[in-house]
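As provided, input_3.tsv (TSV, C-alpha atoms) reads as follows.
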chain	number	residue	atom	x	y	z
N	1	MET	CA	51.16	185.16	79.51
N	2	CYS	CA	48.87	183.44	77.07
N	3	TYR	CA	46.01	182.42	79.28
N	4	GLY	CA	46.76	183.18	82.88
N	5	TYR	CA	48.51	179.89	83.55
N	6	ASP	CA	49.82	179.71	87.13
N	7	GLY	CA	53.53	178.99	86.78
N	8	MET	CA	54.19	179.03	90.53
N	9	ALA	CA	51.47	176.43	91.08
N	10	ALA	CA	53.09	174.35	88.37
N	11	LEU	CA	56.40	174.60	90.19
N	12	ARG	CA	54.76	173.48	93.43
N	13	ARG	CA	53.06	170.54	91.71
N	14	SER	CA	56.27	169.50	89.99
N	15	VAL	CA	58.01	169.30	93.35
N	16	ILE	CA	55.21	167.31	94.99
N	17	ASP	CA	55.48	164.05	93.08
N	18	ARG	CA	58.32	164.31	90.62
N	19	ARG	CA	59.68	160.84	91.33
N	20	GLY	CA	56.25	159.24	91.11
N	21	LEU	CA	55.59	160.91	87.77
N	22	LEU	CA	58.91	159.80	86.34
N	23	ARG	CA	58.44	156.23	87.58
N	24	GLY	CA	54.81	155.78	86.79
N	25	SER	CA	53.75	157.77	83.74
N	26	LEU	CA	54.93	155.50	80.96
N	27	ALA	CA	53.70	152.39	82.77
N	28	ALA	CA	50.28	153.96	83.26
N	29	LEU	CA	50.04	155.03	79.64
N	30	ALA	CA	51.00	151.57	78.39
N	31	GLY	CA	47.45	150.51	79.26
N	32	VAL	CA	45.87	153.13	77.05
N	33	GLY	CA	46.67	151.01	74.00
N	34	LEU	CA	46.46	153.85	71.50
N	35	ALA	CA	49.94	154.00	70.03
N	36	SER	CA	48.52	152.84	66.73
N	37	SER	CA	46.42	155.98	66.29
N	38	GLY	CA	49.13	157.21	63.93
N	39	ILE	CA	48.93	160.95	64.47
N	40	GLY	CA	52.65	161.33	65.07
N	41	ALA	CA	53.57	158.97	62.26
N	42	THR	CA	51.41	160.41	59.51
N	43	ALA	CA	51.32	164.16	60.10
N	44	ALA	CA	53.51	166.15	57.72
N	45	THR	CA	56.67	167.68	59.11
N	46	ALA	CA	57.42	171.40	58.94
N	47	THR	CA	59.49	172.46	55.95
N	48	THR	CA	61.68	175.41	55.07
N	49	ARG	CA	60.66	177.56	52.10
N	50	THR	CA	62.88	180.28	50.74
N	51	THR	CA	61.50	181.28	47.32
N	52	GLY	CA	58.21	181.91	45.55
N	53	MET	CA	54.79	183.16	46.62
N	54	HIS	CA	52.94	181.06	49.16
N	55	HIS	CA	49.98	181.39	51.48
N	56	VAL	CA	48.94	179.87	54.79
N	57	PRO	CA	46.81	176.81	53.99
N	58	PRO	CA	43.33	177.64	55.32
N	59	GLY	CA	43.05	174.26	56.99
N	60	LEU	CA	46.05	175.08	59.19
N	61	ILE	CA	44.62	178.31	60.64
N	62	SER	CA	43.57	178.16	64.29
N	63	ILE	CA	42.89	180.50	67.20
N	64	GLN	CA	43.92	180.28	70.85
N	65	LEU	CA	40.72	180.54	72.90
N	66	TRP	CA	42.40	182.78	75.47
N	67	THR	CA	41.94	185.50	72.84
N	68	VAL	CA	38.15	185.33	73.20
N	69	ARG	CA	38.04	184.52	76.93
N	70	ASP	CA	35.83	187.51	77.80
N	71	ALA	CA	33.21	186.33	75.31
N	72	LEU	CA	33.49	182.75	76.59
N	73	TRP	CA	33.00	183.77	80.23
N	74	GLY	CA	30.48	186.52	79.58
N	75	SER	CA	28.34	187.42	76.60
N	76	PRO	CA	27.56	185.77	74.21
N	77	GLY	CA	28.96	182.69	76.03
N	78	TYR	CA	30.94	179.61	75.10
N	79	ASP	CA	28.62	177.96	72.59
N	80	ALA	CA	27.78	181.13	70.67
N	81	THR	CA	31.43	182.24	70.58
N	82	LEU	CA	32.65	178.92	69.23
N	83	ALA	CA	29.85	178.92	66.67
N	84	HIS	CA	30.93	182.42	65.61
N	85	LEU	CA	34.53	181.25	65.16
N	86	ALA	CA	33.30	178.45	62.92
N	87	LYS	CA	31.21	180.96	60.94
N	88	ILE	CA	34.26	183.19	60.42
N	89	GLY	CA	35.97	180.19	58.85
N	90	TYR	CA	38.22	178.80	61.54
N	91	PRO	CA	38.53	175.04	61.03
N	92	ARG	CA	40.24	174.49	64.39
N	93	VAL	CA	40.91	175.98	67.80
N	94	GLU	CA	43.54	175.62	70.50
N	95	LEU	CA	41.76	174.90	73.76
N	96	ALA	CA	42.38	176.72	77.04
N	97	LEU	CA	40.50	177.39	80.26
N	98	GLY	CA	38.95	173.92	80.55
N	99	TYR	CA	35.82	172.41	79.06
N	100	PHE	CA	33.20	174.84	80.46
N	101	GLY	CA	31.10	172.25	82.26
N	102	ARG	CA	31.40	169.52	79.68
N	103	THR	CA	33.31	166.28	79.67
N	104	ALA	CA	35.85	165.76	76.90
N	105	ALA	CA	33.35	163.52	75.07
N	106	GLN	CA	30.57	166.10	75.38
N	107	LEU	CA	32.84	168.89	74.17
N	108	ARG	CA	33.91	166.78	71.19
N	109	GLN	CA	30.25	166.21	70.31
N	110	PHE	CA	29.53	169.94	70.46
N	111	LEU	CA	32.57	170.90	68.37
N	112	ASP	CA	31.69	168.26	65.78
N	113	SER	CA	28.16	169.67	65.59
N	114	ILE	CA	29.43	173.15	64.62
N	115	GLY	CA	32.17	171.85	62.29
N	116	ILE	CA	35.23	172.92	64.23
N	117	GLU	CA	38.15	170.83	65.51
N	118	ALA	CA	40.09	171.06	68.75
N	119	SER	CA	43.51	170.29	67.32
N	120	SER	CA	45.66	171.53	70.21
N	121	SER	CA	45.44	172.57	73.84
N	122	HIS	CA	47.44	174.32	76.52
N	123	GLU	CA	47.99	171.98	79.47
N	124	GLY	CA	50.26	172.31	82.48
N	125	ILE	CA	52.75	169.64	83.50
N	126	SER	CA	50.89	166.85	85.31
N	127	GLY	CA	51.29	166.35	89.03
N	128	ASP	CA	51.35	162.55	88.85
N	129	ALA	CA	51.00	159.61	86.48
N	130	ALA	CA	47.23	159.35	86.90
N	131	ALA	CA	46.77	163.00	85.97
N	132	LEU	CA	48.97	162.52	82.92
N	133	GLU	CA	46.98	159.48	81.84
N	134	GLN	CA	43.71	161.38	82.19
N	135	LYS	CA	45.10	164.35	80.28
N	136	ILE	CA	46.16	162.16	77.38
N	137	GLN	CA	42.87	160.25	77.34
N	138	ASN	CA	40.96	163.55	77.19
N	139	THR	CA	43.22	164.76	74.39
N	140	LEU	CA	42.55	161.63	72.39
N	141	THR	CA	38.81	161.83	73.01
N	142	LEU	CA	38.82	165.36	71.64
N	143	GLY	CA	40.72	164.23	68.56
N	144	GLN	CA	43.67	166.55	69.11
N	145	SER	CA	47.05	166.25	67.44
N	146	PHE	CA	48.94	168.49	69.88
N	147	MET	CA	49.21	169.16	73.60
N	148	VAL	CA	51.39	172.07	74.68
N	149	VAL	CA	52.82	173.31	77.99
N	150	PRO	CA	51.93	177.01	77.93
N	151	TYR	CA	53.97	178.68	80.66
N	152	LEU	CA	56.76	178.09	83.16
N	153	TYR	CA	58.71	180.70	85.09
N	154	SER	CA	61.70	180.56	87.40
N	155	ASP	CA	65.03	182.30	87.83
N	156	ARG	CA	66.66	179.04	88.97
N	157	GLU	CA	68.34	176.77	86.42
N	158	ASP	CA	67.53	173.64	88.43
N	159	ASP	CA	63.81	174.32	88.00
N	160	TRP	CA	64.15	174.53	84.23
N	161	ARG	CA	66.17	171.31	84.16
N	162	ARG	CA	63.56	169.52	86.27
N	163	TRP	CA	60.75	170.78	84.05
N	164	ALA	CA	62.62	169.64	80.93
N	165	GLU	CA	63.03	166.19	82.46
N	166	GLN	CA	59.33	166.01	83.22
N	167	MET	CA	58.36	167.24	79.76
N	168	ASN	CA	60.53	164.54	78.20
N	169	VAL	CA	58.63	161.93	80.23
N	170	GLU	CA	55.28	163.41	79.25
N	171	GLY	CA	56.42	163.71	75.65
N	172	ALA	CA	57.30	160.01	75.57
N	173	ALA	CA	53.88	159.12	76.96
N	174	ALA	CA	52.17	161.40	74.43
N	175	ALA	CA	54.17	159.90	71.56
N	176	ALA	CA	53.17	156.40	72.69
N	177	ALA	CA	49.54	157.51	72.30
N	178	GLY	CA	50.19	159.03	68.86
N	179	LEU	CA	50.26	162.67	70.02
N	180	ARG	CA	52.73	165.52	69.66
N	181	TYR	CA	53.87	167.27	72.83
N	182	GLY	CA	55.24	170.82	72.81
N	183	TYR	CA	56.42	173.84	74.78
N	184	HIS	CA	55.22	177.42	74.24
N	185	ASN	CA	57.55	180.34	74.92
N	186	HIS	CA	57.11	183.78	76.41
N	187	ALA	CA	59.71	186.56	76.52
N	188	HIS	CA	61.39	185.66	79.81
N	189	GLU	CA	62.98	182.50	78.43
N	190	PHE	CA	65.25	184.86	76.46
N	191	THR	CA	65.84	187.49	79.15
N	192	ILE	CA	66.29	185.84	82.57
N	193	ASP	CA	69.97	185.48	83.48
N	194	LEU	CA	70.38	182.16	85.29
N	195	GLY	CA	74.06	182.91	85.89
N	196	GLY	CA	77.00	183.14	83.59
N	197	GLY	CA	74.85	184.56	80.83
N	198	ARG	CA	72.78	181.36	80.55
N	199	ARG	CA	69.07	181.82	79.95
N	200	PRO	CA	66.09	179.46	80.30
N	201	TRP	CA	65.91	179.00	76.52
N	202	ASP	CA	69.47	177.65	76.59
N	203	VAL	CA	68.50	175.06	79.20
N	204	LEU	CA	65.29	174.03	77.46
N	205	THR	CA	66.86	173.57	74.04
N	206	GLU	CA	69.73	171.61	75.59
N	207	GLU	CA	67.57	169.36	77.76
N	208	LEU	CA	64.32	168.78	75.85
N	209	ASP	CA	64.53	165.64	73.73
N	210	PRO	CA	63.89	166.75	70.13
N	211	LYS	CA	62.40	163.34	69.35
N	212	LEU	CA	59.75	163.85	72.04
N	213	VAL	CA	59.11	167.59	72.44
N	214	HIS	CA	58.52	170.20	69.75
N	215	LEU	CA	58.28	173.98	70.04
N	216	GLU	CA	55.26	176.21	69.65
N	217	VAL	CA	56.95	179.54	68.96
N	218	ASP	CA	54.96	182.57	70.03
N	219	ILE	CA	56.24	185.13	67.55
N	220	TYR	CA	55.20	188.19	69.56
N	221	TRP	CA	56.91	186.95	72.69
N	222	ALA	CA	60.04	185.88	70.81
N	223	VAL	CA	60.26	189.32	69.19
N	224	THR	CA	59.71	190.95	72.58
N	225	GLY	CA	62.33	188.71	74.20
N	226	GLY	CA	64.83	189.66	71.53
N	227	ILE	CA	64.13	193.36	71.96
N	228	ASN	CA	64.18	193.24	75.77
N	229	SER	CA	67.39	191.21	75.87
N	230	GLY	CA	69.07	193.52	73.35
N	231	ASP	CA	69.84	190.62	71.01
N	232	GLY	CA	67.04	191.39	68.57
N	233	VAL	CA	66.72	195.17	68.66
N	234	SER	CA	68.13	195.78	65.18
N	235	ASP	CA	66.40	192.81	63.52
N	236	PRO	CA	63.52	191.35	65.57
N	237	GLU	CA	62.36	188.94	62.86
N	238	GLY	CA	65.96	187.83	62.33
N	239	PHE	CA	66.16	187.05	66.03
N	240	VAL	CA	63.05	184.88	65.76
N	241	LEU	CA	64.47	183.03	62.77
N	242	ASP	CA	67.74	182.46	64.64
N	243	VAL	CA	65.71	180.99	67.52
N	244	ILE	CA	63.97	178.64	65.10
N	245	ARG	CA	67.11	177.61	63.22
N	246	SER	CA	69.31	177.07	66.26
N	247	ALA	CA	66.91	174.91	68.27
N	248	PRO	CA	67.41	171.13	67.99
N	249	GLN	CA	63.66	170.77	68.52
N	250	ARG	CA	61.28	171.13	65.59
N	251	VAL	CA	59.08	174.22	65.48
N	252	LEU	CA	55.68	172.80	64.47
N	253	GLN	CA	53.27	175.53	65.64
N	254	TYR	CA	53.21	179.32	65.68
N	255	HIS	CA	51.29	181.72	67.84
N	256	VAL	CA	50.71	184.57	65.41
N	257	LYS	CA	50.38	187.76	67.42
N	258	ASP	CA	51.37	191.28	66.31
N	259	ARG	CA	53.19	194.03	68.25
N	260	HIS	CA	52.58	197.77	68.34
N	261	GLU	CA	55.82	199.51	67.44
N	262	SER	CA	55.12	202.56	69.57
N	263	ASN	CA	54.71	200.87	72.95
N	264	GLY	CA	55.37	197.16	72.49
N	265	ASP	CA	51.81	196.13	73.34
N	266	MET	CA	50.05	193.29	71.54
N	267	ALA	CA	48.19	194.25	68.39
N	268	ASP	CA	45.59	192.74	66.10
N	269	LEU	CA	47.22	191.02	63.15
N	270	GLY	CA	48.36	193.33	60.38
N	271	THR	CA	48.24	196.47	62.53
N	272	GLY	CA	51.69	196.12	64.12
N	273	MET	CA	55.36	195.94	63.26
N	274	ILE	CA	56.08	192.23	62.79
N	275	ASP	CA	56.93	191.02	59.28
N	276	PHE	CA	55.21	187.64	59.46
N	277	ALA	CA	55.72	187.01	55.74
N	278	ARG	CA	59.48	186.98	56.22
N	279	ILE	CA	59.23	184.44	59.03
N	280	PHE	CA	56.72	182.20	57.27
N	281	ARG	CA	58.76	182.30	54.06
N	282	GLU	CA	61.75	180.88	55.91
N	283	HIS	CA	59.92	178.31	58.05
N	284	SER	CA	56.45	176.85	57.65
N	285	VAL	CA	54.62	174.94	60.36
N	286	LEU	CA	51.68	172.61	60.88
N	287	GLU	CA	49.50	175.17	62.65
N	288	TYR	CA	49.19	178.99	62.55
N	289	ILE	CA	47.35	180.05	65.70
N	290	VAL	CA	45.87	183.54	65.90
N	291	GLU	CA	46.23	185.14	69.32
N	292	ASN	CA	45.95	188.52	71.01
N	293	ASP	CA	45.81	188.57	74.80
N	294	THR	CA	44.48	192.15	74.70
N	295	PRO	CA	42.10	192.51	71.72
N	296	ASP	CA	42.19	195.98	70.22
N	297	VAL	CA	38.38	196.35	70.04
N	298	THR	CA	36.39	193.20	70.82
N	299	PRO	CA	37.46	189.54	70.95
N	300	GLN	CA	35.15	188.73	68.05
N	301	GLN	CA	36.66	191.47	65.88
N	302	THR	CA	40.18	190.36	66.76
N	303	ALA	CA	39.25	186.83	65.68
N	304	GLU	CA	37.85	188.09	62.37
N	305	VAL	CA	40.81	190.38	61.66
N	306	GLY	CA	43.28	187.60	62.45
N	307	TYR	CA	41.59	185.05	60.21
N	308	ARG	CA	41.31	187.48	57.29
N	309	TYR	CA	44.93	188.52	57.69
N	310	LEU	CA	46.26	184.97	57.51
N	311	ARG	CA	43.98	184.10	54.57
N	312	LYS	CA	45.24	187.09	52.55
N	313	LEU	CA	48.91	187.02	53.51
N	314	ARG	CA	51.29	186.08	50.72
N	315	PHE	CA	54.96	185.28	51.28
Go ahead and express the file in the form of structure tokens.
Amino acid sequence: MCYGYDGMAALRRSVIDRRGLLRGSLAALAGVGLASSGIGATAATATTRTTGMHHVPPGLISIQLWTVRDALWGSPGYDATLAHLAKIGYPRVELALGYFGRTAAQLRQFLDSIGIEASSSHEGISGDAAALEQKIQNTLTLGQSFMVVPYLYSDREDDWRRWAEQMNVEGAAAAAAGLRYGYHNHAHEFTIDLGGGRRPWDVLTEELDPKLVHLEVDIYWAVTGGINSGDGVSDPEGFVLDVIRSAPQRVLQYHVKDRHESNGDMADLGTGMIDFARIFREHSVLEYIVENDTPDVTPQQTAEVGYRYLRKLRF
């Protein structure tokens, strides 16, 4: 998983106060009064590109902080690690693991001081309307455009339907505040048999409202899901593109993570088997997020290799 998110805890929380969340979230968010912030209305939409030579716009390159978690928790620490990411050239990060002792306002002040933006974050489904309101207020304080549910797991279709219902509610509240709300995949959405050959991805793409919830496609996990399910063995990148094309929801963010061909493990960008140029050529997004859950050498080196790879890639 992308940052150790506790899916079973999420399931327990979703059962605790589902009705209260559905009844109360939009009413609570109506008092925020931030629908005019305009993020959702003015941000460019993803487009399909099929010809010519392109590159990833440097301003759209980000990194998921789970990649550098060991450096955040240990040496050199949170502040020095974020400063190093800014020095490498990253203009933005996707938050995870909390605020490391700061409030949202204090974290925003620190990020502004080093010239880096928190444009997205991984956040679990809220347990109640008050938690959702606080989550959205923090997101706005930080100046984010996106908030993304990072991980859910169950082998029961009813759980996936309930989660989709909750995400639609949260997506509506996020949209009212001018934010984009998304879901991030792993491999199991493409491999778990819920009965009759139906898989979690089928349920999510049927139930998530495409006007309210977008997709953050993790390319490594989609490739792995295609290989493990047998549907993408002969053409892993083709499987990913089919996932993108067939979903009613817009794919607005990528997690860009490579895969070792020999053993299927995660790899630093450019050292594995995935043809990212082919995928990017067919579908561009608003954010290209470097990630490697298991850095090949050090987190800092993985961050540098990933940034350089995306800056040099032509497609």
I'd like the box whose edges run along x, y and z of the file and which contains every listed atom of stretch 69-75 of chain N, padded by 4 Å per side; could you state its centre and edge lengths in Å, one decimal, as AutoDock Vina command-line options?
--center_x 33.2 --center_y 185.1 --center_z 77.8 --size_x 17.7 --size_y 12.8 --size_z 12.9
message: List as a PyMOL selection string the protein and nucleic acid residues near N:Thr205, meaning an atom at most 8 Å away when all atoms listed in the file are counted, but skip any in the same chain fewer than 3 places from it.
response: chain N and resi 201-202+208+247-249
query: Which polymer residues, protein or nucleic acid, are no farther than 8 Å from (43.4, 167.0, 64.4), counting all atoms listed in the file, as an MDAnalysis selection string?
result: chainID N and resid 117:120 143:146
message: Show me, as a list in words, the residues that have an atom within 10 Å of N:Asp158 when counting only C-alpha atoms, minus same-chain residues fewer than 6 positions from it.
response: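 Close residues of N:Asp158: Ala164, Leu194 and Val203 of chain N.
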message: Which residues are near stretch 231-234 of chain N? Cut-off 12 Å, all atoms listed in the file, ignore same chain within fewer than 3 positions. Put them as a count of residues only.
response: 19
task: Would you mind listing what lies within 10 Å of stretch 275-287 of chain N as number ranges by chain, with only C-alpha atoms counted and same-chain residues fewer than 4 positions away left out?
output: N: 43-63, 92, 94, 119-120, 146, 216, 219, 236-238, 240-241, 244-245, 250-258, 269-270, 310, 313-315
query: Taking all atoms listed in the file into account, which of N:Thr298, N:Thr141, N:Pro200, N:Leu72 comes nearest N:Gln109?
result: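 The answer is N:Thr141, which sits nearest to N:Gln109.
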- prompt: Looking at only C-alpha atoms, which of N:Met147, N:Trp73, N:Val217, N:Thr271 is the one that sits closest to N:Ile289?
  reply: N:Val217
field: Distance criterion (all atoms listed in the file): nearest to N:Leu212 out of N:Arg308, N:Arg180, N:Arg161, N:Arg199
entry: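 Of N:Arg308, N:Arg180, N:Arg161, N:Arg199, the one nearest N:Leu212, counting all atoms listed in the file, is N:Arg180.
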Distance query 8 Å from (55.9, 202.0, 63.4) using all atoms listed in the file, result as a CSV table (one decimal) with C-alpha atoms, keeping the file's coordinate frame:
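The result, stored in out10.csv:
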chain,number,residue,atom,x,y,z
N,260,HIS,CA,52.6,197.8,68.3
N,261,GLU,CA,55.8,199.5,67.4
N,262,SER,CA,55.1,202.6,69.6
N,272,GLY,CA,51.7,196.1,64.1
N,273,MET,CA,55.4,195.9,63.3
- request: Tell me, as a ChimeraX atom specification, which residues lie within 7 Å of N:Leu142, counting only C-alpha atoms; anything in the same chain fewer than 6 positions away does not count.
  value: /N:104-105,108,118
field: Straight-line distance linking atom CA of N:Glu206 with atom CA of N:Gln166, stated in Å to one decimal
entry: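 Taking atom CA of N:Glu206 as the start and atom CA of N:Gln166 as the end point, the length is 14.1 Å.
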- prompt: If you measure from atom CA of N:Tyr151 to atom CA of N:Tyr183, what distance in Å do you get, rounded to one decimal?
  reply: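 So the two atoms, atom CA of N:Tyr151 and atom CA of N:Tyr183, lie 8.0 Å apart.
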field: Interatomic distance (Å, one decimal) between atom CA of N:Gly115 and atom CA of N:Asp70
entry: 22.3 Å
- prompt: When distances are computed from only C-alpha atoms, which of N:Leu85, N:Ile274, N:Val297, N:Ala175 shows the smallest separation from N:Lys211?
  reply: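 Result for the nearest residue to N:Lys211: N:Ala175.
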